[in-house]
Structures are given as C-alpha cells and as structure tokens.
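**Student:** CSV, C-alpha atoms, file protein-v2.csv:
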chain,number,residue,atom,x,y,z
A,1,MET,CA,-15.7,15.9,-50.1
A,2,ASN,CA,-17.3,15.9,-46.7
A,3,ALA,CA,-20.3,14.1,-45.3
A,4,ASP,CA,-22.5,17.2,-45.6
A,5,SER,CA,-21.9,17.6,-49.3
A,6,SER,CA,-22.8,13.9,-50.0
A,7,VAL,CA,-26.0,14.3,-48.0
A,8,LYS,CA,-27.0,17.3,-50.1
A,9,THR,CA,-26.3,15.4,-53.3
A,10,ALA,CA,-28.4,12.5,-52.1
A,11,ASP,CA,-31.2,14.8,-51.1
A,12,LYS,CA,-31.1,16.4,-54.6
A,13,ARG,CA,-31.3,13.0,-56.2
A,14,LYS,CA,-34.2,11.9,-54.0
A,15,GLU,CA,-36.1,15.2,-54.7
A,16,ALA,CA,-35.6,14.8,-58.4
A,17,GLU,CA,-37.0,11.3,-58.3
A,18,ALA,CA,-40.4,12.3,-56.9
A,19,ALA,CA,-43.1,12.9,-59.5
A,20,VAL,CA,-45.2,15.9,-58.9
A,21,CYS,CA,-48.7,16.4,-60.3
A,22,VAL,CA,-48.8,19.6,-62.3
A,23,GLY,CA,-52.3,19.5,-63.7
A,24,ARG,CA,-55.1,17.6,-65.4
A,25,GLU,CA,-54.3,16.1,-68.8
A,26,ASP,CA,-57.3,17.6,-70.5
A,27,ASP,CA,-56.6,21.1,-69.2
A,28,ILE,CA,-53.0,21.0,-70.3
A,29,LYS,CA,-53.9,19.7,-73.7
A,30,GLN,CA,-56.4,22.5,-74.1
A,31,SER,CA,-54.0,25.3,-72.9
A,32,ARG,CA,-51.1,23.8,-74.8
A,33,ARG,CA,-48.6,24.9,-72.1
A,34,ILE,CA,-48.5,25.6,-68.4
A,35,THR,CA,-46.0,26.8,-65.9
A,36,ALA,CA,-45.6,25.0,-62.6
A,37,SER,CA,-43.4,24.7,-59.6
A,38,VAL,CA,-41.9,21.3,-59.0
A,39,ASN,CA,-39.9,21.0,-55.8
A,40,ASP,CA,-39.3,24.8,-55.9
A,41,ARG,CA,-38.1,24.7,-59.5
A,42,GLU,CA,-40.1,26.7,-62.1
A,43,ILE,CA,-40.8,24.6,-65.1
A,44,VAL,CA,-42.9,24.8,-68.3
A,45,VAL,CA,-44.9,21.9,-69.6
A,46,PHE,CA,-45.8,21.9,-73.3
A,47,TYR,CA,-48.3,19.8,-75.2
A,48,HIS,CA,-47.4,19.8,-78.9
A,49,GLU,CA,-48.2,17.3,-81.6
A,50,GLU,CA,-49.8,14.8,-79.2
A,51,LYS,CA,-46.8,14.7,-76.8
A,52,PHE,CA,-45.9,16.3,-73.5
A,53,TYR,CA,-42.5,18.0,-72.8
A,54,ALA,CA,-41.2,19.7,-69.7
A,55,MET,CA,-38.1,21.9,-69.2
A,56,ASP,CA,-36.9,24.6,-67.0
A,57,CYS,CA,-39.0,27.7,-67.6
A,58,ARG,CA,-36.1,30.2,-68.0
A,59,CYS,CA,-33.8,30.1,-71.1
A,60,TYR,CA,-30.2,29.0,-70.4
A,61,HIS,CA,-28.9,32.0,-72.4
A,62,ALA,CA,-30.2,35.0,-70.5
A,63,GLY,CA,-33.2,33.8,-68.4
A,64,GLY,CA,-35.9,34.6,-71.1
A,65,PRO,CA,-39.4,33.3,-70.4
A,66,LEU,CA,-39.7,30.1,-72.5
A,67,HIS,CA,-43.4,29.7,-71.7
A,68,LEU,CA,-44.0,32.7,-73.9
A,69,GLY,CA,-42.0,31.4,-76.9
A,70,GLU,CA,-43.2,29.8,-80.1
A,71,ILE,CA,-42.7,26.2,-81.0
A,72,GLU,CA,-41.2,25.6,-84.5
A,73,ASP,CA,-39.6,22.7,-86.4
A,74,ILE,CA,-36.0,23.5,-86.8
A,75,GLY,CA,-34.0,21.1,-88.9
A,76,GLY,CA,-36.3,18.2,-88.0
A,77,HIS,CA,-36.4,19.0,-84.3
A,78,LEU,CA,-39.3,20.6,-82.4
A,79,CYS,CA,-37.9,23.6,-80.7
A,80,ILE,CA,-39.1,26.4,-78.4
A,81,ILE,CA,-37.9,29.7,-79.6
A,82,CYS,CA,-36.9,32.0,-76.7
A,83,PRO,CA,-38.8,35.3,-77.1
A,84,TRP,CA,-35.9,37.4,-75.8
A,85,HIS,CA,-33.0,36.5,-78.2
A,86,MET,CA,-34.6,33.8,-80.5
A,87,TYR,CA,-32.4,31.0,-79.1
A,88,LYS,CA,-33.6,27.6,-80.4
A,89,ILE,CA,-33.9,24.8,-77.8
A,90,THR,CA,-35.1,21.3,-78.7
A,91,LEU,CA,-38.1,20.2,-76.7
A,92,ALA,CA,-37.0,16.6,-76.4
A,93,THR,CA,-33.4,17.0,-75.3
A,94,GLY,CA,-32.8,20.6,-74.3
A,95,GLU,CA,-30.1,21.0,-77.0
A,96,GLY,CA,-29.3,24.5,-78.1
A,97,LEU,CA,-29.3,24.8,-81.9
A,98,TYR,CA,-27.5,27.3,-84.1
A,99,GLN,CA,-26.8,27.8,-87.8
A,100,ALA,CA,-23.3,27.3,-89.0
A,101,ILE,CA,-21.5,27.7,-92.4
A,102,ASN,CA,-18.5,25.6,-93.4
A,103,PRO,CA,-16.5,28.0,-95.5
A,104,THR,CA,-14.5,25.1,-97.0
A,105,GLU,CA,-17.7,23.7,-98.7
A,106,PRO,CA,-18.3,24.8,-102.2
A,107,SER,CA,-21.9,25.9,-101.5
A,108,ALA,CA,-21.6,27.4,-98.1
A,109,ALA,CA,-25.2,26.9,-97.1
A,110,PRO,CA,-26.0,27.3,-93.4
A,111,LYS,CA,-26.8,24.0,-91.5
A,112,TRP,CA,-28.3,23.5,-88.1
A,113,ARG,CA,-25.8,22.3,-85.5
A,114,SER,CA,-26.1,21.4,-81.8
A,115,LYS,CA,-24.4,23.3,-79.0
A,116,GLY,CA,-25.0,20.3,-76.8
A,117,VAL,CA,-27.6,20.1,-74.0
A,118,LYS,CA,-28.0,23.5,-72.5
A,119,GLN,CA,-31.6,23.5,-71.1
A,120,ARG,CA,-32.7,21.0,-68.4
A,121,THR,CA,-35.6,18.8,-69.5
A,122,HIS,CA,-37.7,16.8,-67.2
A,123,GLU,CA,-39.7,13.5,-67.5
A,124,VAL,CA,-43.5,13.8,-68.0
A,125,THR,CA,-45.8,11.0,-67.3
A,126,VAL,CA,-49.6,10.8,-67.5
A,127,ASP,CA,-51.6,8.6,-65.1
A,128,ASN,CA,-55.3,8.4,-64.7
A,129,GLY,CA,-55.9,11.8,-66.3
A,130,SER,CA,-53.2,13.6,-64.3
A,131,VAL,CA,-49.9,14.9,-65.6
A,132,TYR,CA,-46.8,14.4,-63.5
A,133,VAL,CA,-43.3,15.9,-63.8
A,134,THR,CA,-40.2,14.2,-62.4
A,135,LEU,CA,-37.1,16.5,-62.3
A,136,SER,CA,-34.0,15.3,-64.1
A,137,ASP,CA,-30.8,14.5,-62.2
A,138,LEU,CA,-29.9,17.8,-60.5
A,139,SER,CA,-26.5,16.5,-59.5
A,140,VAL,CA,-25.4,17.1,-63.1
A,141,SER,CA,-25.0,20.8,-63.8
A,142,LEU,CA,-26.5,22.4,-67.0
A,143,ASP,CA,-26.5,26.0,-68.2
A,144,SER,CA,-30.2,26.6,-67.4
A,145,ASP,CA,-29.5,25.8,-63.7
A,146,TYR,CA,-28.1,29.3,-63.2
A,147,TYR,CA,-31.4,31.0,-64.1
A,148,ALA,CA,-33.5,28.3,-62.4
A,149,GLU,CA,-31.7,29.1,-59.1
A,150,LYS,CA,-31.7,32.9,-59.7
A,151,TYR,CA,-35.4,33.1,-60.2
A,152,LYS,CA,-36.1,30.7,-57.4
A,153,LYS,CA,-34.2,33.1,-55.0
A,154,PHE,CA,-35.7,36.3,-56.3
A,155,GLY,CA,-39.1,35.1,-57.0
A,156,SER,CA,-41.1,35.4,-60.2
A,157,SER,CA,-44.6,35.8,-61.4
A,158,PHE,CA,-45.3,32.6,-63.3
A,159,ARG,CA,-48.9,32.0,-64.4
A,160,LYS,CA,-50.6,29.4,-66.5
A,161,LYS,CA,-50.8,30.7,-70.0
Transcribe the structure of this file into structure tokens.

**Tutor:**
Amino acid sequence: MNADSSVKTADKRKEAEAAVCVGREDDIKQSRRITASVNDREIVVFYHEEKFYAMDCRCYHAGGPLHLGEIEDIGGHLCIICPWHMYKITLATGEGLYQAINPTEPSAAPKWRSKGVKQRTHEVTVDNGSVYVTLSDLSVSLDSDYYAEKYKKFGSSFRKK
C-alpha cells in the first residue's frame, strides 16, 4: 500500500462522514420518497411507517431504479422491491432476501433467507425540519457500489418522485 492509496481511503471516509441536506422533512414525508445526490452518489430516501431510510438508488443486482419500486413487508422486514427483477432488499440493512426450500424438511415450505448485505444503506437524521443523509463507510465494498459508480460516471436522469 502506498501513501496515495491511504490518502484516497482517508478522503473517502471523511466524505462519508459529512451529512448532506437532501430536503425538507415535510416535503419528503408528503412525497414518501426522493432521489438526491450526496457527495456525487445517487441515493434514494424513503419515508415509510413514520421512519426515514436511505440507500443507493440503483439495485445491486442489475442497476434497477429502486426509487420506482414498491415497499412490502417480507417475512417481517420492510423491503423495497426492485422493479426490474423483483429483488427484495431490506430498507433497514440492505440485505438481499430470497425464498429457499429445505428438501430435508417434511413440509418443504419456502422460507425467507438473507443473502447478506448487498445494498449500501446510509444514515438519515432530521434536524430542525431538514433531512440529512450521511454516507456509510465507503472503504468497505458492497455489491451496490458497482452500479453507484457506473451511473455516476455515465450520468443518469434522477428526479424527485
């Protein structure tokens, strides 16, 4: 590891620690979701069941637009459903969920299982009527980083929904 790579890692951490105002609390509550750019990263902020959530806007699987997905309760977890391939991603942790059957069980009923954290989630805070997003630690790689970088380089047409 050279000095340049350690500086880049430190810069990424510092950038991730800076909270960015993404909108007014009342506006986001009314619209239920918005897209925003936080330190050149396209994110989506959801307001669902009296709580704010933020994550990378593009699905970890194939870059689908999560801001256009529906929110559903899947196995006791609030999930955004990617509109492209119906991947289920928990709002709170970014885990990918799938249904699995254990063929050794007598009643092989499908159960929801976790693939692990696949989608980067971010911290949301509300202060004095404004909503702020702080990016999570970007020095730890997650699957959704690929599409976050791809769409940052090629541009996209994100709009508030």

**Student:** So the first atom is atom CA of Gly63 of chain A and the second is atom CA of Lys118 of chain A; what is the distance between them in Å, to one decimal place?

**Tutor:** 12.2 Å

**Student:** Which protein, DNA or RNA residues are at most 10 Å from (-30.0, 21.3, -60.2) in the file's coordinates when you count all atoms listed in the file, listed as an mmCIF file with C-alpha atoms, keeping the file's coordinate frame?

**Tutor:**
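Ended up saving to point.cif:
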data_model
loop_
_atom_site.group_PDB
_atom_site.id
_atom_site.type_symbol
_atom_site.label_atom_id
_atom_site.label_comp_id
_atom_site.auth_asym_id
_atom_site.auth_seq_id
_atom_site.Cartn_x
_atom_site.Cartn_y
_atom_site.Cartn_z
ATOM 1 C CA THR A 9 -26.300 15.400 -53.300
ATOM 2 C CA LYS A 12 -31.100 16.400 -54.600
ATOM 3 C CA ARG A 13 -31.300 13.000 -56.200
ATOM 4 C CA ALA A 16 -35.600 14.800 -58.400
ATOM 5 C CA ARG A 41 -38.100 24.700 -59.500
ATOM 6 C CA ARG A 120 -32.700 21.000 -68.400
ATOM 7 C CA LEU A 135 -37.100 16.500 -62.300
ATOM 8 C CA SER A 136 -34.000 15.300 -64.100
ATOM 9 C CA ASP A 137 -30.800 14.500 -62.200
ATOM 10 C CA LEU A 138 -29.900 17.800 -60.500
ATOM 11 C CA SER A 139 -26.500 16.500 -59.500
ATOM 12 C CA VAL A 140 -25.400 17.100 -63.100
ATOM 13 C CA SER A 141 -25.000 20.800 -63.800
ATOM 14 C CA LEU A 142 -26.500 22.400 -67.000
ATOM 15 C CA ASP A 143 -26.500 26.000 -68.200
ATOM 16 C CA SER A 144 -30.200 26.600 -67.400
ATOM 17 C CA ASP A 145 -29.500 25.800 -63.700
ATOM 18 C CA TYR A 146 -28.100 29.300 -63.200
ATOM 19 C CA ALA A 148 -33.500 28.300 -62.400
ATOM 20 C CA GLU A 149 -31.700 29.100 -59.100
#

**Student:** Mind giving me the straight-line distance from atom CA of Val131 of chain A to atom CA of Ile81 of chain A in Å, one decimal?

**Tutor:** 23.6 Å

**Student:** Find the residues with any atom within 12 Å of (-38.0, 35.7, -81.6); use only C-alpha atoms and the coordinates as given in the file, and write the answer as a list in words.

**Tutor:**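 Collected hits near the coordinates: Gly64, Pro65, Leu66, Leu68, Gly69, Glu70, Ile71, Glu72, Ile80, Ile81, Cys82, Pro83, Trp84, His85, Met86, Tyr87 and Lys88 of chain A.
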
**Student:** Write the residues of the selection above to a file with C-alpha atoms, as a PDB file, in the coordinates of the input.

**Tutor:**
ATOM      1  CA  GLY A  64     -35.900  34.600 -71.100  1.00  0.00           C
ATOM      2  CA  PRO A  65     -39.400  33.300 -70.400  1.00  0.00           C
ATOM      3  CA  LEU A  66     -39.700  30.100 -72.500  1.00  0.00           C
ATOM      4  CA  LEU A  68     -44.000  32.700 -73.900  1.00  0.00           C
ATOM      5  CA  GLY A  69     -42.000  31.400 -76.900  1.00  0.00           C
ATOM      6  CA  GLU A  70     -43.200  29.800 -80.100  1.00  0.00           C
ATOM      7  CA  ILE A  71     -42.700  26.200 -81.000  1.00  0.00           C
ATOM      8  CA  GLU A  72     -41.200  25.600 -84.500  1.00  0.00           C
ATOM      9  CA  ILE A  80     -39.100  26.400 -78.400  1.00  0.00           C
ATOM     10  CA  ILE A  81     -37.900  29.700 -79.600  1.00  0.00           C
ATOM     11  CA  CYS A  82     -36.900  32.000 -76.700  1.00  0.00           C
ATOM     12  CA  PRO A  83     -38.800  35.300 -77.100  1.00  0.00           C
ATOM     13  CA  TRP A  84     -35.900  37.400 -75.800  1.00  0.00           C
ATOM     14  CA  HIS A  85     -33.000  36.500 -78.200  1.00  0.00           C
ATOM     15  CA  MET A  86     -34.600  33.800 -80.500  1.00  0.00           C
ATOM     16  CA  TYR A  87     -32.400  31.000 -79.100  1.00  0.00           C
ATOM     17  CA  LYS A  88     -33.600  27.600 -80.400  1.00  0.00           C
TER      18      LYS A  88
END

**Student:** Compare A:Glu105, A:Glu49, A:Glu17, A:Asp56 by their minimum atom-to-atom distance to Thr35 of chain A, counting all atoms listed in the file, and give me the closest one.

**Tutor:**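 Comparing A:Glu105, A:Glu49, A:Glu17, A:Asp56 against Thr35 of chain A, the winner is A:Asp56.
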
**Student:** Identify, on the basis of only C-alpha atoms, every residue whose closest approach to Ala54 of chain A does not exceed 6 Å; exclude the query and any residue fewer than 4 positions from it along the same chain; express the result as an MDAnalysis selection string.

**Tutor:** chainID A and resid 44:45 121:122

**Student:** What gap, in Å, lies between atom CA of Cys21 of chain A and atom CA of Lys51 of chain A?

**Tutor:**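 Distance reported for this atom pair: 16.7 Å.
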
**Student:** Contacts between segment 29-32 of chain A and segment 48-152 of chain A, please, where a residue of segment 48-152 of chain A counts if it comes within 9 Å (with only C-alpha atoms); show its shortest atom pair and distance in Å to one decimal, rows by chain and ascending number, as a tab-separated table.

**Tutor:**
residue	atom	partner	partner_atom	distance
A:His48	CA	A:Arg32	CA	6.8
A:Glu50	CA	A:Lys29	CA	8.4
A:Phe52	CA	A:Lys29	CA	8.7

**Student:** Please list as number ranges by chain every residue within 12 Å of Asp127 of chain A, counting all atoms listed in the file and excluding residues in the same chain fewer than 3 positions away.

**Tutor:** A: 19-26, 124, 130-133

**Student:** Skipping near chain neighbours, those fewer than 2 positions away, what residues fall within 10 Å of Ile101 of chain A using only C-alpha atoms, listed as a PDB file with C-alpha atoms, in the coordinates of the input?

**Tutor:**
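Listed below is the output, part_12.pdb:
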ATOM      1  CA  GLN A  99     -26.800  27.800 -87.800  1.00  0.00           C
ATOM      2  CA  PRO A 103     -16.500  28.000 -95.500  1.00  0.00           C
ATOM      3  CA  THR A 104     -14.500  25.100 -97.000  1.00  0.00           C
ATOM      4  CA  GLU A 105     -17.700  23.700 -98.700  1.00  0.00           C
ATOM      5  CA  SER A 107     -21.900  25.900-101.500  1.00  0.00           C
ATOM      6  CA  ALA A 108     -21.600  27.400 -98.100  1.00  0.00           C
ATOM      7  CA  ALA A 109     -25.200  26.900 -97.100  1.00  0.00           C
ATOM      8  CA  PRO A 110     -26.000  27.300 -93.400  1.00  0.00           C
ATOM      9  CA  LYS A 111     -26.800  24.000 -91.500  1.00  0.00           C
ATOM     10  CA  TRP A 112     -28.300  23.500 -88.100  1.00  0.00           C
ATOM     11  CA  ARG A 113     -25.800  22.300 -85.500  1.00  0.00           C
TER      12      ARG A 113
END
